[in-house]
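Have a look at target.pdb; it's PDB, C-alpha atoms:
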ATOM      1  CA  MET A  21     -43.256 -10.372  28.196  1.00  0.00           C
ATOM      2  CA  ARG A  22     -45.387  -8.741  25.493  1.00  0.00           C
ATOM      3  CA  ASP A  23     -43.466  -7.635  22.425  1.00  0.00           C
ATOM      4  CA  ALA A  24     -43.901  -4.002  21.375  1.00  0.00           C
ATOM      5  CA  ASP A  25     -45.290  -2.688  18.090  1.00  0.00           C
ATOM      6  CA  PRO A  26     -42.995  -3.848  15.215  1.00  0.00           C
ATOM      7  CA  SER A  27     -43.300  -0.381  13.645  1.00  0.00           C
ATOM      8  CA  GLU A  28     -41.170   0.941  16.531  1.00  0.00           C
ATOM      9  CA  ARG A  29     -38.279  -1.333  15.576  1.00  0.00           C
ATOM     10  CA  VAL A  30     -35.063  -0.499  13.697  1.00  0.00           C
ATOM     11  CA  ASN A  31     -33.410  -3.281  11.727  1.00  0.00           C
ATOM     12  CA  SER A  32     -29.873  -4.089  12.795  1.00  0.00           C
ATOM     13  CA  GLY A  33     -28.459  -4.732   9.327  1.00  0.00           C
ATOM     14  CA  ILE A  34     -27.023  -8.021  10.620  1.00  0.00           C
ATOM     15  CA  PRO A  35     -28.712 -10.975   8.858  1.00  0.00           C
ATOM     16  CA  GLY A  36     -30.141 -13.370  11.430  1.00  0.00           C
ATOM     17  CA  LEU A  37     -29.902 -10.953  14.372  1.00  0.00           C
ATOM     18  CA  ASP A  38     -33.316  -9.315  14.060  1.00  0.00           C
ATOM     19  CA  GLU A  39     -34.891 -12.736  14.496  1.00  0.00           C
ATOM     20  CA  MET A  40     -33.102 -13.065  17.850  1.00  0.00           C
ATOM     21  CA  LEU A  41     -34.241  -9.526  18.777  1.00  0.00           C
ATOM     22  CA  ARG A  42     -37.851 -10.303  17.784  1.00  0.00           C
ATOM     23  CA  GLY A  43     -37.801  -7.622  15.111  1.00  0.00           C
ATOM     24  CA  GLY A  44     -34.764  -5.397  15.660  1.00  0.00           C
ATOM     25  CA  PHE A  45     -33.752  -2.649  18.078  1.00  0.00           C
ATOM     26  CA  PHE A  46     -36.351  -0.307  19.511  1.00  0.00           C
ATOM     27  CA  LYS A  47     -36.235   3.149  17.980  1.00  0.00           C
ATOM     28  CA  GLY A  48     -34.512   5.740  20.164  1.00  0.00           C
ATOM     29  CA  THR A  49     -32.663   3.275  22.391  1.00  0.00           C
ATOM     30  CA  ALA A  50     -29.056   2.891  23.539  1.00  0.00           C
ATOM     31  CA  ASN A  51     -27.813  -0.582  22.585  1.00  0.00           C
ATOM     32  CA  VAL A  52     -24.497  -1.886  23.865  1.00  0.00           C
ATOM     33  CA  VAL A  53     -22.354  -4.426  22.004  1.00  0.00           C
ATOM     34  CA  SER A  54     -19.865  -5.911  24.437  1.00  0.00           C
ATOM     35  CA  GLY A  55     -16.943  -8.264  23.962  1.00  0.00           C
ATOM     36  CA  LYS A  56     -13.229  -8.905  24.000  1.00  0.00           C
ATOM     37  CA  SER A  57     -10.844  -7.518  21.406  1.00  0.00           C
ATOM     38  CA  GLY A  58     -11.249  -9.201  18.036  1.00  0.00           C
ATOM     39  CA  THR A  59     -14.816 -10.401  18.509  1.00  0.00           C
ATOM     40  CA  GLY A  60     -16.247  -8.133  15.787  1.00  0.00           C
ATOM     41  CA  LYS A  61     -17.608  -5.109  17.660  1.00  0.00           C
ATOM     42  CA  THR A  62     -16.412  -2.521  15.139  1.00  0.00           C
ATOM     43  CA  ILE A  63     -17.735  -4.547  12.218  1.00  0.00           C
ATOM     44  CA  PHE A  64     -21.090  -4.866  13.979  1.00  0.00           C
ATOM     45  CA  GLY A  65     -21.474  -1.126  14.543  1.00  0.00           C
ATOM     46  CA  THR A  66     -20.272  -0.182  11.067  1.00  0.00           C
ATOM     47  CA  GLN A  67     -22.691  -2.629   9.459  1.00  0.00           C
ATOM     48  CA  PHE A  68     -25.497  -1.131  11.556  1.00  0.00           C
ATOM     49  CA  ILE A  69     -24.941   2.419  10.306  1.00  0.00           C
ATOM     50  CA  ALA A  70     -24.125   1.280   6.757  1.00  0.00           C
ATOM     51  CA  GLU A  71     -27.547  -0.381   6.649  1.00  0.00           C
ATOM     52  CA  GLY A  72     -29.164   2.932   7.503  1.00  0.00           C
ATOM     53  CA  ALA A  73     -27.118   4.912   4.963  1.00  0.00           C
ATOM     54  CA  LYS A  74     -27.886   2.331   2.279  1.00  0.00           C
ATOM     55  CA  ASN A  75     -31.584   3.003   2.893  1.00  0.00           C
ATOM     56  CA  GLY A  76     -31.163   6.772   2.688  1.00  0.00           C
ATOM     57  CA  GLU A  77     -30.980   7.514   6.420  1.00  0.00           C
ATOM     58  CA  LYS A  78     -28.578  10.038   7.902  1.00  0.00           C
ATOM     59  CA  VAL A  79     -26.158   8.261  10.234  1.00  0.00           C
ATOM     60  CA  MET A  80     -23.196   9.194  12.418  1.00  0.00           C
ATOM     61  CA  CYS A  81     -20.065   7.339  13.509  1.00  0.00           C
ATOM     62  CA  ILE A  82     -18.270   8.666  16.600  1.00  0.00           C
ATOM     63  CA  ILE A  83     -14.727   7.377  17.059  1.00  0.00           C
ATOM     64  CA  THR A  84     -12.955   7.795  20.380  1.00  0.00           C
ATOM     65  CA  SER A  85      -9.507   6.280  19.918  1.00  0.00           C
ATOM     66  CA  GLU A  86      -8.475   6.311  16.252  1.00  0.00           C
ATOM     67  CA  GLU A  87      -9.002   8.279  13.062  1.00  0.00           C
ATOM     68  CA  SER A  88     -12.013   7.667  10.837  1.00  0.00           C
ATOM     69  CA  LYS A  89      -9.789   6.879   7.871  1.00  0.00           C
ATOM     70  CA  SER A  90      -8.697   3.699   9.668  1.00  0.00           C
ATOM     71  CA  ILE A  91     -12.255   2.348   9.758  1.00  0.00           C
ATOM     72  CA  VAL A  92     -12.917   3.490   6.192  1.00  0.00           C
ATOM     73  CA  ARG A  93      -9.831   1.647   4.987  1.00  0.00           C
ATOM     74  CA  GLU A  94     -10.515  -1.474   7.062  1.00  0.00           C
ATOM     75  CA  MET A  95     -14.100  -1.836   5.846  1.00  0.00           C
ATOM     76  CA  LYS A  96     -13.134  -1.211   2.225  1.00  0.00           C
ATOM     77  CA  THR A  97     -10.322  -3.775   2.352  1.00  0.00           C
ATOM     78  CA  SER A  98     -12.261  -6.416   4.295  1.00  0.00           C
ATOM     79  CA  PHE A  99     -15.762  -6.152   2.803  1.00  0.00           C
ATOM     80  CA  ASP A 100     -15.540  -3.687  -0.100  1.00  0.00           C
ATOM     81  CA  TRP A 101     -17.870  -1.291   1.745  1.00  0.00           C
ATOM     82  CA  ASN A 102     -17.431   2.193   0.303  1.00  0.00           C
ATOM     83  CA  LEU A 103     -18.141   4.388   3.329  1.00  0.00           C
ATOM     84  CA  GLU A 104     -16.674   7.435   1.582  1.00  0.00           C
ATOM     85  CA  GLU A 105     -19.551   7.270  -0.893  1.00  0.00           C
ATOM     86  CA  TYR A 106     -22.044   7.738   1.928  1.00  0.00           C
ATOM     87  CA  VAL A 107     -19.965  10.632   3.278  1.00  0.00           C
ATOM     88  CA  GLU A 108     -19.992  12.332  -0.120  1.00  0.00           C
ATOM     89  CA  LYS A 109     -23.774  11.932  -0.325  1.00  0.00           C
ATOM     90  CA  GLY A 110     -24.197  13.553   3.094  1.00  0.00           C
ATOM     91  CA  LEU A 111     -25.624  10.383   4.625  1.00  0.00           C
ATOM     92  CA  LEU A 112     -22.676   9.491   6.887  1.00  0.00           C
ATOM     93  CA  THR A 113     -20.810  11.843   9.204  1.00  0.00           C
ATOM     94  CA  PHE A 114     -17.676  10.843  11.115  1.00  0.00           C
ATOM     95  CA  VAL A 115     -16.811  12.542  14.394  1.00  0.00           C
ATOM     96  CA  ASP A 116     -13.260  11.874  15.631  1.00  0.00           C
ATOM     97  CA  ILE A 117     -13.026  13.113  19.199  1.00  0.00           C
ATOM     98  CA  THR A 118      -9.230  12.735  19.045  1.00  0.00           C
ATOM     99  CA  ASP A 119      -9.218  15.479  16.396  1.00  0.00           C
ATOM    100  CA  PRO A 120      -7.167  18.360  17.913  1.00  0.00           C
ATOM    101  CA  SER A 121      -9.700  20.850  16.565  1.00  0.00           C
ATOM    102  CA  LEU A 122     -12.294  19.482  19.002  1.00  0.00           C
ATOM    103  CA  ARG A 123      -9.916  19.824  21.967  1.00  0.00           C
ATOM    104  CA  LEU A 124     -11.781  17.139  23.888  1.00  0.00           C
ATOM    105  CA  GLN A 125      -8.833  14.917  24.679  1.00  0.00           C
ATOM    106  CA  LYS A 126      -7.073  17.731  26.549  1.00  0.00           C
ATOM    107  CA  SER A 127      -9.806  17.960  29.173  1.00  0.00           C
ATOM    108  CA  VAL A 128      -9.187  14.416  30.408  1.00  0.00           C
ATOM    109  CA  GLU A 129      -5.784  15.525  31.701  1.00  0.00           C
ATOM    110  CA  ILE A 130      -7.477  18.068  33.938  1.00  0.00           C
ATOM    111  CA  ALA A 131     -10.660  16.226  34.974  1.00  0.00           C
ATOM    112  CA  PRO A 132     -11.958  13.009  33.303  1.00  0.00           C
ATOM    113  CA  SER A 133     -15.576  13.956  34.004  1.00  0.00           C
ATOM    114  CA  GLU A 134     -15.076  17.168  32.042  1.00  0.00           C
ATOM    115  CA  LEU A 135     -14.138  15.112  28.984  1.00  0.00           C
ATOM    116  CA  ILE A 136     -17.465  13.285  29.158  1.00  0.00           C
ATOM    117  CA  LYS A 137     -19.424  16.486  29.714  1.00  0.00           C
ATOM    118  CA  SER A 138     -17.715  18.026  26.684  1.00  0.00           C
ATOM    119  CA  PHE A 139     -18.377  14.868  24.704  1.00  0.00           C
ATOM    120  CA  LYS A 140     -22.059  14.966  25.629  1.00  0.00           C
ATOM    121  CA  LYS A 141     -22.355  18.597  24.502  1.00  0.00           C
ATOM    122  CA  LEU A 142     -20.579  17.806  21.239  1.00  0.00           C
ATOM    123  CA  VAL A 143     -22.806  14.822  20.477  1.00  0.00           C
ATOM    124  CA  GLU A 144     -25.992  16.724  21.281  1.00  0.00           C
ATOM    125  CA  SER A 145     -24.906  19.614  19.078  1.00  0.00           C
ATOM    126  CA  LYS A 146     -24.101  17.251  16.191  1.00  0.00           C
ATOM    127  CA  ILE A 147     -27.431  15.447  16.558  1.00  0.00           C
ATOM    128  CA  GLU A 148     -29.394  18.699  16.550  1.00  0.00           C
ATOM    129  CA  ASP A 149     -27.457  19.927  13.519  1.00  0.00           C
ATOM    130  CA  LEU A 150     -27.395  16.749  11.402  1.00  0.00           C
ATOM    131  CA  GLN A 151     -30.480  14.912  12.753  1.00  0.00           C
ATOM    132  CA  PRO A 152     -29.190  11.357  12.230  1.00  0.00           C
ATOM    133  CA  THR A 153     -31.454   8.365  12.827  1.00  0.00           C
ATOM    134  CA  ARG A 154     -28.589   6.024  13.771  1.00  0.00           C
ATOM    135  CA  ILE A 155     -25.353   6.541  15.694  1.00  0.00           C
ATOM    136  CA  PHE A 156     -22.423   4.200  16.244  1.00  0.00           C
ATOM    137  CA  ILE A 157     -19.864   4.931  18.989  1.00  0.00           C
ATOM    138  CA  ASP A 158     -16.620   2.970  18.771  1.00  0.00           C
ATOM    139  CA  SER A 159     -15.881   2.663  21.641  1.00  0.00           C
ATOM    140  CA  VAL A 160     -16.566   4.112  25.104  1.00  0.00           C
ATOM    141  CA  GLU A 161     -13.520   2.829  27.017  1.00  0.00           C
ATOM    142  CA  ALA A 162     -11.533   5.969  26.209  1.00  0.00           C
ATOM    143  CA  LEU A 163     -14.279   8.093  27.761  1.00  0.00           C
ATOM    144  CA  PHE A 164     -15.019   6.210  30.957  1.00  0.00           C
ATOM    145  CA  LEU A 165     -11.905   4.322  32.076  1.00  0.00           C
ATOM    146  CA  ALA A 166     -10.438   7.277  33.964  1.00  0.00           C
ATOM    147  CA  ILE A 167     -13.528   7.721  36.164  1.00  0.00           C
ATOM    148  CA  GLU A 168     -12.685   6.269  39.578  1.00  0.00           C
ATOM    149  CA  SER A 169     -16.036   6.677  41.336  1.00  0.00           C
ATOM    150  CA  ASN A 170     -18.598   4.041  40.313  1.00  0.00           C
ATOM    151  CA  TYR A 171     -21.431   6.355  41.318  1.00  0.00           C
ATOM    152  CA  LYS A 172     -20.118   9.154  39.114  1.00  0.00           C
ATOM    153  CA  LEU A 173     -19.474   6.673  36.301  1.00  0.00           C
ATOM    154  CA  ARG A 174     -23.069   5.412  36.394  1.00  0.00           C
ATOM    155  CA  THR A 175     -24.380   8.974  36.363  1.00  0.00           C
ATOM    156  CA  LEU A 176     -22.208   9.986  33.409  1.00  0.00           C
ATOM    157  CA  ILE A 177     -23.140   6.872  31.427  1.00  0.00           C
ATOM    158  CA  ASP A 178     -26.832   7.605  32.006  1.00  0.00           C
ATOM    159  CA  ASP A 179     -26.284  11.209  30.905  1.00  0.00           C
ATOM    160  CA  VAL A 180     -24.692  10.160  27.604  1.00  0.00           C
ATOM    161  CA  PHE A 181     -27.301   7.490  26.871  1.00  0.00           C
ATOM    162  CA  GLY A 182     -30.015  10.009  27.755  1.00  0.00           C
ATOM    163  CA  VAL A 183     -28.929  12.237  24.860  1.00  0.00           C
ATOM    164  CA  PHE A 184     -29.766   9.500  22.349  1.00  0.00           C
ATOM    165  CA  ARG A 185     -33.119   8.717  23.944  1.00  0.00           C
ATOM    166  CA  LYS A 186     -34.038  12.420  24.141  1.00  0.00           C
ATOM    167  CA  HIS A 187     -33.456  12.885  20.416  1.00  0.00           C
ATOM    168  CA  ASP A 188     -35.042   9.540  19.412  1.00  0.00           C
ATOM    169  CA  VAL A 189     -31.782   8.308  17.870  1.00  0.00           C
ATOM    170  CA  THR A 190     -31.089   4.572  17.765  1.00  0.00           C
ATOM    171  CA  SER A 191     -27.525   3.988  18.886  1.00  0.00           C
ATOM    172  CA  VAL A 192     -25.043   1.130  18.999  1.00  0.00           C
ATOM    173  CA  ILE A 193     -22.241   1.612  21.530  1.00  0.00           C
ATOM    174  CA  THR A 194     -19.322  -0.805  21.746  1.00  0.00           C
ATOM    175  CA  VAL A 195     -17.390  -1.545  24.931  1.00  0.00           C
ATOM    176  CA  GLY A 196     -14.478  -3.869  25.595  1.00  0.00           C
ATOM    177  CA  ALA A 197     -14.329  -6.400  28.417  1.00  0.00           C
ATOM    178  CA  MET A 198     -11.920  -4.741  30.831  1.00  0.00           C
ATOM    179  CA  PHE A 199     -11.720  -3.721  34.511  1.00  0.00           C
ATOM    180  CA  GLY A 200     -15.481  -4.198  35.009  1.00  0.00           C
ATOM    181  CA  LEU A 201     -16.263  -1.145  32.855  1.00  0.00           C
ATOM    182  CA  ASP A 202     -18.317  -3.269  30.471  1.00  0.00           C
ATOM    183  CA  GLU A 203     -20.690  -4.260  33.290  1.00  0.00           C
ATOM    184  CA  MET A 204     -21.259  -0.624  34.263  1.00  0.00           C
ATOM    185  CA  VAL A 205     -21.999   0.380  30.668  1.00  0.00           C
ATOM    186  CA  GLU A 206     -24.237  -2.647  30.119  1.00  0.00           C
ATOM    187  CA  TYR A 207     -26.295  -1.802  33.198  1.00  0.00           C
ATOM    188  CA  GLY A 208     -27.463   1.493  31.723  1.00  0.00           C
ATOM    189  CA  ALA A 209     -28.240   0.165  28.244  1.00  0.00           C
ATOM    190  CA  ASP A 210     -31.639  -0.668  26.767  1.00  0.00           C
ATOM    191  CA  SER A 211     -30.207  -3.821  25.216  1.00  0.00           C
ATOM    192  CA  VAL A 212     -26.929  -5.697  25.529  1.00  0.00           C
ATOM    193  CA  ILE A 213     -25.472  -8.013  22.891  1.00  0.00           C
ATOM    194  CA  LYS A 214     -22.480 -10.097  23.922  1.00  0.00           C
ATOM    195  CA  LEU A 215     -19.849 -11.200  21.394  1.00  0.00           C
ATOM    196  CA  ASP A 216     -17.266 -13.857  22.195  1.00  0.00           C
ATOM    197  CA  ARG A 217     -14.884 -16.457  20.797  1.00  0.00           C
ATOM    198  CA  ILE A 218     -15.479 -20.129  21.545  1.00  0.00           C
ATOM    199  CA  ILE A 219     -13.311 -23.184  20.914  1.00  0.00           C
ATOM    200  CA  ALA A 220     -15.484 -25.997  19.529  1.00  0.00           C
ATOM    201  CA  GLY A 221     -13.422 -29.100  18.833  1.00  0.00           C
ATOM    202  CA  ASN A 222     -10.527 -27.950  16.677  1.00  0.00           C
ATOM    203  CA  ASN A 223     -12.386 -24.833  15.523  1.00  0.00           C
ATOM    204  CA  LEU A 224     -12.340 -21.286  16.842  1.00  0.00           C
ATOM    205  CA  GLN A 225     -15.812 -19.814  16.392  1.00  0.00           C
ATOM    206  CA  ARG A 226     -17.304 -16.437  17.168  1.00  0.00           C
ATOM    207  CA  SER A 227     -20.522 -16.418  19.165  1.00  0.00           C
ATOM    208  CA  ILE A 228     -23.353 -14.005  19.925  1.00  0.00           C
ATOM    209  CA  PHE A 229     -26.201 -13.859  22.400  1.00  0.00           C
ATOM    210  CA  ILE A 230     -28.704 -11.294  23.673  1.00  0.00           C
ATOM    211  CA  MET A 231     -27.994 -10.676  27.338  1.00  0.00           C
ATOM    212  CA  LYS A 232     -30.909  -8.301  27.842  1.00  0.00           C
ATOM    213  CA  MET A 233     -33.497  -6.278  25.956  1.00  0.00           C
ATOM    214  CA  ARG A 234     -35.882  -4.018  27.809  1.00  0.00           C
ATOM    215  CA  GLY A 235     -39.520  -4.292  26.729  1.00  0.00           C
ATOM    216  CA  SER A 236     -39.186  -7.360  24.544  1.00  0.00           C
ATOM    217  CA  GLY A 237     -38.650 -11.058  24.539  1.00  0.00           C
ATOM    218  CA  THR A 238     -35.627 -12.440  22.683  1.00  0.00           C
ATOM    219  CA  ILE A 239     -34.399 -15.784  21.429  1.00  0.00           C
ATOM    220  CA  ASN A 240     -32.488 -17.034  24.441  1.00  0.00           C
ATOM    221  CA  GLU A 241     -29.745 -18.935  22.628  1.00  0.00           C
ATOM    222  CA  VAL A 242     -26.023 -18.634  21.970  1.00  0.00           C
ATOM    223  CA  ARG A 243     -25.558 -18.687  18.203  1.00  0.00           C
ATOM    224  CA  VAL A 244     -22.673 -18.663  15.745  1.00  0.00           C
ATOM    225  CA  LEU A 245     -21.541 -15.237  14.573  1.00  0.00           C
ATOM    226  CA  ASN A 246     -20.122 -15.556  11.078  1.00  0.00           C
ATOM    227  CA  ILE A 247     -17.847 -12.990   9.423  1.00  0.00           C
ATOM    228  CA  SER A 248     -17.369 -13.483   5.684  1.00  0.00           C
ATOM    229  CA  ASP A 249     -16.384 -11.344   2.708  1.00  0.00           C
ATOM    230  CA  ASN A 250     -19.921  -9.918   2.779  1.00  0.00           C
ATOM    231  CA  GLY A 251     -19.795  -8.856   6.420  1.00  0.00           C
ATOM    232  CA  MET A 252     -21.373 -10.200   9.580  1.00  0.00           C
ATOM    233  CA  SER A 253     -24.310 -12.579   9.941  1.00  0.00           C
ATOM    234  CA  VAL A 254     -25.847 -14.758  12.650  1.00  0.00           C
ATOM    235  CA  LEU A 255     -26.277 -18.461  11.935  1.00  0.00           C
ATOM    236  CA  ALA A 256     -29.126 -20.455  13.491  1.00  0.00           C
ATOM    237  CA  GLN A 257     -26.805 -22.956  15.138  1.00  0.00           C
ATOM    238  CA  SER A 258     -24.923 -23.316  18.383  1.00  0.00           C
ATOM    239  CA  PRO A 259     -21.141 -22.753  18.496  1.00  0.00           C
ATOM    240  CA  TYR A 260     -20.901 -25.546  21.062  1.00  0.00           C
ATOM    241  CA  LEU A 261     -21.737 -28.303  18.585  1.00  0.00           C
ATOM    242  CA  ASP A 262     -18.764 -30.228  17.144  1.00  0.00           C
TER
END
Show the structure stored in the file as structure tokens.
Amino acid sequence: MRDADPSERVNSGIPGLDEMLRGGFFKGTANVVSGKSGTGKTIFGTQFIAEGAKNGEKVMCIITSEESKSIVREMKTSFDWNLEEYVEKGLLTFVDITDPSLRLQKSVEIAPSELIKSFKKLVESKIEDLQPTRIFIDSVEALFLAIESNYKLRTLIDDVFGVFRKHDVTSVITVGAMFGLDEMVEYGADSVIKLDRIIAGNNLQRSIFIMKMRGSGTINEVRVLNISDNGMSVLAQSPYLD
């Protein structure tokens, strides 16, 4: 498969990952990061938007199940990333959909699909107002788990992802491995990165691989995902080696 123009790429901010992606994410795409709890999905997405803010881009973090202060505190404690500094500079905007002032969570009690429609309108309004180049959604389980019809679920996922593509925003969306929801979300994505934990000998290692990327070749390997005091990076070695 022919790789696209490198000028259309957006760097991930994860050392070692752009090599696997053959240059980074495509601009204006919806990119899913999928994995079990504790595999590093939130760190991945935060590092992605922090990279943009560090370079002067406007970025947005949409949180579906906790308050933004939790992520701010976690990233400061774990990696000494000062996300509040980017907020103060107007480069980073948090959107907590559990905020009572948004009234989104109430609609799920009436009709789950209405929650997603309201969410889509909110996101589109925020994008048009703030014009971010990168968006991180952590995570989509709270939005989609209550949808019983697979057909309706697929349609709603496509609708949400379509907002990012329409506005040429590069997005990272995390999803947990539960009840087959991850497979439905992955199907509609432009790229899918899988995170996991692997036992190698006596060691527990995190792993990463590119499951799919539309329009580009990738390095088709499972590699070690390292999380240190400096954040996340991909090592050019297999987690299966003792």
For segment 56-60 of chain A: contacts at 8 Å, all atoms listed in the file, fewer than 4 positions along chain excluded, given as a list in words: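 Residues near the query, excluding close chain neighbours: Phe64, Gly196, Ala197, Leu215, Asp216, Arg217 and Arg226 of chain A.
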Deliver the residues from the most recent selection as a file, using C-alpha atoms, as a compact mmCIF listing (two decimals), keeping the file's coordinate frame.
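Saved as again_10.txt:
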# COMPACT_ATOMS: atom_id res chain seq x y z
CA PHE A 64 -21.09 -4.87 13.98
CA GLY A 196 -14.48 -3.87 25.60
CA ALA A 197 -14.33 -6.40 28.42
CA LEU A 215 -19.85 -11.20 21.39
CA ASP A 216 -17.27 -13.86 22.20
CA ARG A 217 -14.88 -16.46 20.80
CA ARG A 226 -17.30 -16.44 17.17
Let me know the residues the PyMOL selection byres ((chain A and resi 87) around 10) catches in the file above, as a short mmCIF file (atom, residue, chain, number, x, y, z; two decimals) with C-alpha atoms, in the frame of the given file.
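expr-v3.cif written:
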data_model
loop_
_atom_site.label_atom_id
_atom_site.label_comp_id
_atom_site.auth_asym_id
_atom_site.auth_seq_id
_atom_site.Cartn_x
_atom_site.Cartn_y
_atom_site.Cartn_z
CA ILE A 82 -18.27 8.67 16.60
CA ILE A 83 -14.73 7.38 17.06
CA THR A 84 -12.96 7.80 20.38
CA SER A 85 -9.51 6.28 19.92
CA GLU A 86 -8.48 6.31 16.25
CA SER A 88 -12.01 7.67 10.84
CA LYS A 89 -9.79 6.88 7.87
CA SER A 90 -8.70 3.70 9.67
CA ILE A 91 -12.26 2.35 9.76
CA VAL A 92 -12.92 3.49 6.19
CA PHE A 114 -17.68 10.84 11.12
CA VAL A 115 -16.81 12.54 14.39
CA ASP A 116 -13.26 11.87 15.63
CA ILE A 117 -13.03 13.11 19.20
CA THR A 118 -9.23 12.74 19.05
CA ASP A 119 -9.22 15.48 16.40
#
Residues within 12 Å of Met198 of chain A, all atoms listed in the file, excluding chain neighbours under 6 positions, as a VMD selection string: chain A and resid 54 to 57 160 to 162 164 to 165 204 to 205
Contacts of segment 251-255 of chain A within 12 Å, all atoms listed in the file, excl. fewer than 2 positions in-chain, as a VMD selection string: chain A and resid 32 to 41 59 to 68 70 to 71 94 to 101 215 225 to 230 241 to 249 257 to 259
Selected residues written out, C-alpha atoms, as a CSV table (one decimal), in the frame of the given file:
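Below is the file that was written, result22.csv:
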chain,number,residue,atom,x,y,z
A,32,SER,CA,-29.9,-4.1,12.8
A,33,GLY,CA,-28.5,-4.7,9.3
A,34,ILE,CA,-27.0,-8.0,10.6
A,35,PRO,CA,-28.7,-11.0,8.9
A,36,GLY,CA,-30.1,-13.4,11.4
A,37,LEU,CA,-29.9,-11.0,14.4
A,38,ASP,CA,-33.3,-9.3,14.1
A,39,GLU,CA,-34.9,-12.7,14.5
A,40,MET,CA,-33.1,-13.1,17.8
A,41,LEU,CA,-34.2,-9.5,18.8
A,59,THR,CA,-14.8,-10.4,18.5
A,60,GLY,CA,-16.2,-8.1,15.8
A,61,LYS,CA,-17.6,-5.1,17.7
A,62,THR,CA,-16.4,-2.5,15.1
A,63,ILE,CA,-17.7,-4.5,12.2
A,64,PHE,CA,-21.1,-4.9,14.0
A,65,GLY,CA,-21.5,-1.1,14.5
A,66,THR,CA,-20.3,-0.2,11.1
A,67,GLN,CA,-22.7,-2.6,9.5
A,68,PHE,CA,-25.5,-1.1,11.6
A,70,ALA,CA,-24.1,1.3,6.8
A,71,GLU,CA,-27.5,-0.4,6.6
A,94,GLU,CA,-10.5,-1.5,7.1
A,95,MET,CA,-14.1,-1.8,5.8
A,96,LYS,CA,-13.1,-1.2,2.2
A,97,THR,CA,-10.3,-3.8,2.4
A,98,SER,CA,-12.3,-6.4,4.3
A,99,PHE,CA,-15.8,-6.2,2.8
A,100,ASP,CA,-15.5,-3.7,-0.1
A,101,TRP,CA,-17.9,-1.3,1.7
A,215,LEU,CA,-19.8,-11.2,21.4
A,225,GLN,CA,-15.8,-19.8,16.4
A,226,ARG,CA,-17.3,-16.4,17.2
A,227,SER,CA,-20.5,-16.4,19.2
A,228,ILE,CA,-23.4,-14.0,19.9
A,229,PHE,CA,-26.2,-13.9,22.4
A,230,ILE,CA,-28.7,-11.3,23.7
A,241,GLU,CA,-29.7,-18.9,22.6
A,242,VAL,CA,-26.0,-18.6,22.0
A,243,ARG,CA,-25.6,-18.7,18.2
A,244,VAL,CA,-22.7,-18.7,15.7
A,245,LEU,CA,-21.5,-15.2,14.6
A,246,ASN,CA,-20.1,-15.6,11.1
A,247,ILE,CA,-17.8,-13.0,9.4
A,248,SER,CA,-17.4,-13.5,5.7
A,249,ASP,CA,-16.4,-11.3,2.7
A,257,GLN,CA,-26.8,-23.0,15.1
A,258,SER,CA,-24.9,-23.3,18.4
A,259,PRO,CA,-21.1,-22.8,18.5
Atom pair atom CA of Leu201 of chain A / atom CA of Phe181 of chain A: separation (Å): 15.2 Å
The PyMOL selection byres ((chain A and resi 183) around 12) resolved against shown file, as an NGL selection string: :A and (48-50 or 137 or 139-148 or 155 or 176-182 or 184-191)
Atom pair atom CA of Gly208 of chain A / atom CA of Ile136 of chain A: separation (Å):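 Atom CA of Ile136 of chain A lies 15.7 Å from atom CA of Gly208 of chain A.
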Atomic separation - atom CA of Gly72 of chain A relative to atom CA of Arg42 of chain A, Å: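 A separation of 18.9 Å between them.
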Residue with smallest distance to Thr238 of chain A - pool A:Glu168, A:Met80, A:Phe45, A:Val53, counting all atoms listed in the file: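 Of A:Glu168, A:Met80, A:Phe45, A:Val53, the one nearest Thr238 of chain A is A:Phe45, counting all atoms listed in the file.
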